[in-house]
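Heads up, the thing below is written out as structure tokens.
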Amino acid sequence: MSSRLSKLFLIILTLTLAFPGDTFAEDFRLLRIGTGGLHGVYYPIGNALAEGITSANIATGLIAVAQTSGGSVANVQALTSGDIEVGLVQADVALWALRGEGPFAGEDGRPVRALASLYPEHLQILVRRDAQIQRVKDFRGKTISLDEVGSGTLAAMRIVLAAHGLSENDFNPVYLKPEFTTERLADGKLHGISLVAGIPAKAIAEIAGQEFSFVPIDPDIASKITHEHPYLVPSVIPAEAYPGRPEVPTMEVNALLLVHEGLDEYLVYAMTAAIWDEQTLTLLRSAHSQGRSVTLESAVHGLSVPLHPGAIRFYQEQKLLPKEEPIS
């Protein structure tokens, strides 16, 4: 959260506690945006979105705030329980939630709808060179962080492991957000970490020295994964995405912005308009280099769940979606 919004939130909280029965407490509403860990990309992107939505003044007293979270799976759970109103979620996780598959197996489909497709996220596996890990199969017997329970990274890594004939029983898995793993990796307490995030990710950039290397995903295996999981597709970590690093084959998935299907249609329409306002786009570009990939032209590409009616209305007005034919 920017310092300006942080101060504003603290003032509101103080006044609300001081005057719990006052009219003031009824004159504002928090729009909570679930993001991820502090060292990922969801958090700075979510902060920029929150500031842009708040500044747009789309509803009297509406204040958007970004919240840290466990990641994609946790954000879906929070959306459907009413703990947040908006969440950043990987496209594959969004589809599983809608269908009651993967981490949501055995459940009814979750009532999630898309507001926008934002940018591609890459699977990044960074390991110590002295761990002698050249490929995913070399995880056997090693200590590898798979990110926090509730993260999209963990969900994706379980798919990647299975595609290589591995499970979490074949090595020593650790379940921590990147901000809690980088020091352990540098100290040799971890052999590697994994993260699905935009590039460059702060957690990776901080320690991507020559004593570390990226583990590639074989393109043939990646293609097989895509056959079963269409929104997890072959990709590359571009050369020089991290200084001095060559191109590395991996996989990517789009980051989506989701809301509950029952969220007010006008609010979603206004929120969608605010996100694509030039002021918000400027904030996104300043928040993180990945923000430059957030464009209106790609807003409806790579969606794995239906758009919310409020978002549909906006994109139809922008001629990004066809107008619905009248019923005769």
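Identifiers for the structure tokens are assigned positionally: chains receive A, B, ... in sequence, residues are indexed from 1 per chain, and ligands are indexed from 1 in the order shown.
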Each residue of region 38-81 of chain A with at least one atom at most 9 Å from region 178-200 of chain A should appear once, together with its nearest atom pair and the corresponding distance in Å (one decimal); atoms considered: only C-alpha atoms; ordering: chain, then increasing residue number; output as a tab-separated table.
residue	atom	partner	partner_atom	distance
A:Leu38	CA	A:Glu179	CA	6.8
A:His39	CA	A:Glu179	CA	5.5
A:Gly40	CA	A:Ala197	CA	6.5
A:Val41	CA	A:Gly198	CA	5.9
A:Tyr42	CA	A:Ala197	CA	7.8
For the selection just defined, write its residues with C-alpha atoms to a file, as a short mmCIF file (atom, residue, chain, number, x, y, z; two decimals), in the first residue's frame.
data_model
loop_
_atom_site.label_atom_id
_atom_site.label_comp_id
_atom_site.auth_asym_id
_atom_site.auth_seq_id
_atom_site.Cartn_x
_atom_site.Cartn_y
_atom_site.Cartn_z
CA LEU A 38 5.47 -9.27 -0.05
CA HIS A 39 8.29 -10.35 -2.37
CA GLY A 40 6.08 -11.52 -5.22
CA VAL A 41 4.51 -9.48 -8.03
CA TYR A 42 0.86 -9.69 -6.98
#
- Considering only C-alpha atoms, return as a list in words whatever protein or nucleic-acid residues lie within 10 Å of Ala59 (chain A), sequence-local ones (same chain, fewer than 5 positions apart) excluded. Phe28, Arg29, Ile53, Thr54, Tyr266, Leu267, Ala270 and Met271 of chain A
- Query: Which one of A:Gly150, A:Pro120, A:Pro234, A:Pro173 sits closest to Thr295 (chain A) if you count only C-alpha atoms?
  - Reply: A:Pro120
- Task: Do a neighbour search on region 156-163 of chain A at 10 Å with only C-alpha atoms, toss out local chain neighbours closer than 6 positions, and write the hits as a VMD selection string.
- Result: chain A and resid 90 92 to 93 102 123 125 136 to 137 139 146 to 147 170 194 to 196 217 221 to 222 224 to 225 228 to 229 232 251 to 253
Once you have the residues from the selection above, write them out as a tab-separated table (two decimals), in the first residue's frame, restricted to N, CA, C and O atoms.
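Wrote result.tsv, looks like this:
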chain	number	residue	atom	x	y	z
A	90	GLN	N	-4.16	-17.14	-10.52
A	90	GLN	CA	-3.68	-17.77	-11.75
A	90	GLN	C	-4.87	-18.34	-12.53
A	90	GLN	O	-5.82	-18.86	-11.95
A	92	ASP	N	-5.16	-21.09	-14.25
A	92	ASP	CA	-5.42	-22.51	-14.03
A	92	ASP	C	-6.15	-22.73	-12.72
A	92	ASP	O	-7.10	-23.53	-12.64
A	93	VAL	N	-5.76	-22.00	-11.68
A	93	VAL	CA	-6.42	-22.11	-10.37
A	93	VAL	C	-7.87	-21.63	-10.47
A	93	VAL	O	-8.78	-22.22	-9.88
A	102	GLY	N	-8.74	-30.03	-8.95
A	102	GLY	CA	-7.44	-29.68	-8.36
A	102	GLY	C	-7.55	-29.46	-6.86
A	102	GLY	O	-8.10	-30.31	-6.14
A	123	LEU	N	6.81	-19.86	-14.29
A	123	LEU	CA	7.33	-20.76	-13.26
A	123	LEU	C	8.84	-20.58	-13.21
A	123	LEU	O	9.54	-20.75	-14.23
A	125	ILE	N	12.20	-21.76	-11.07
A	125	ILE	CA	12.81	-22.66	-10.08
A	125	ILE	C	14.29	-22.32	-9.99
A	125	ILE	O	15.04	-22.52	-10.94
A	136	VAL	N	14.22	-31.28	-12.98
A	136	VAL	CA	13.27	-31.51	-11.88
A	136	VAL	C	13.48	-32.89	-11.25
A	136	VAL	O	13.36	-33.04	-10.02
A	137	LYS	N	13.83	-33.88	-12.03
A	137	LYS	CA	14.04	-35.22	-11.47
A	137	LYS	C	15.16	-35.26	-10.45
A	137	LYS	O	15.21	-36.18	-9.60
A	139	PHE	N	15.43	-33.41	-7.99
A	139	PHE	CA	14.92	-32.99	-6.68
A	139	PHE	C	15.04	-34.11	-5.65
A	139	PHE	O	15.02	-33.85	-4.44
A	146	LEU	N	8.30	-25.15	-2.06
A	146	LEU	CA	7.23	-25.17	-3.06
A	146	LEU	C	6.25	-24.02	-2.88
A	146	LEU	O	5.18	-24.03	-3.46
A	147	ASP	N	6.63	-23.04	-2.08
A	147	ASP	CA	5.77	-21.91	-1.75
A	147	ASP	C	4.73	-22.34	-0.71
A	147	ASP	O	4.61	-23.51	-0.35
A	170	ASP	N	9.19	-37.75	-2.47
A	170	ASP	CA	10.50	-38.08	-3.03
A	170	ASP	C	11.61	-37.12	-2.62
A	170	ASP	O	12.77	-37.34	-2.94
A	194	SER	N	10.85	-22.40	-5.56
A	194	SER	CA	10.02	-22.30	-6.76
A	194	SER	C	9.00	-21.19	-6.58
A	194	SER	O	8.54	-20.92	-5.47
A	195	LEU	N	8.67	-20.54	-7.69
A	195	LEU	CA	7.76	-19.41	-7.64
A	195	LEU	C	7.12	-19.21	-9.00
A	195	LEU	O	7.80	-19.19	-10.02
A	196	VAL	N	5.80	-19.10	-9.01
A	196	VAL	CA	5.08	-18.69	-10.21
A	196	VAL	C	4.76	-17.21	-10.03
A	196	VAL	O	4.00	-16.83	-9.14
A	217	ILE	N	12.30	-26.51	-17.66
A	217	ILE	CA	11.24	-27.50	-17.88
A	217	ILE	C	11.33	-27.93	-19.33
A	217	ILE	O	11.21	-27.09	-20.24
A	221	ILE	N	7.89	-32.14	-22.13
A	221	ILE	CA	7.10	-32.37	-20.92
A	221	ILE	C	6.11	-31.23	-20.72
A	221	ILE	O	4.95	-31.46	-20.34
A	222	ALA	N	6.54	-30.01	-21.00
A	222	ALA	CA	5.65	-28.87	-20.88
A	222	ALA	C	4.43	-29.01	-21.79
A	222	ALA	O	3.30	-28.70	-21.40
A	224	LYS	N	3.08	-31.77	-22.83
A	224	LYS	CA	2.21	-32.80	-22.27
A	224	LYS	C	1.38	-32.24	-21.12
A	224	LYS	O	0.20	-32.59	-20.96
A	225	ILE	N	1.98	-31.39	-20.31
A	225	ILE	CA	1.25	-30.76	-19.22
A	225	ILE	C	0.13	-29.89	-19.78
A	225	ILE	O	-1.01	-29.91	-19.28
A	228	GLU	N	-3.19	-31.55	-20.67
A	228	GLU	CA	-4.12	-31.83	-19.57
A	228	GLU	C	-4.54	-30.55	-18.84
A	228	GLU	O	-5.62	-30.51	-18.24
A	229	HIS	N	-3.70	-29.53	-18.90
A	229	HIS	CA	-3.98	-28.27	-18.18
A	229	HIS	C	-3.77	-27.11	-19.16
A	229	HIS	O	-2.69	-26.51	-19.21
A	232	LEU	N	-1.84	-23.74	-18.50
A	232	LEU	CA	-0.45	-23.80	-18.08
A	232	LEU	C	0.34	-24.19	-19.32
A	232	LEU	O	0.30	-25.34	-19.76
A	251	MET	N	7.30	-22.75	-17.98
A	251	MET	CA	5.87	-22.70	-18.28
A	251	MET	C	5.32	-21.38	-17.76
A	251	MET	O	5.91	-20.75	-16.87
A	252	GLU	N	4.20	-20.96	-18.33
A	252	GLU	CA	3.58	-19.73	-17.88
A	252	GLU	C	2.07	-19.89	-17.78
A	252	GLU	O	1.48	-20.80	-18.38
A	253	VAL	N	1.45	-18.98	-17.06
A	253	VAL	CA	0.00	-18.95	-16.88
A	253	VAL	C	-0.40	-17.50	-16.67
A	253	VAL	O	0.36	-16.72	-16.08
- Message: Give me the residues near Glu247 (chain A) as an MDAnalysis selection string, where near means some atom within 6 Å (using only C-alpha atoms) and where sequence neighbours in that chain fewer than 4 positions away do not count.
- Response: chainID A and resid 237:239
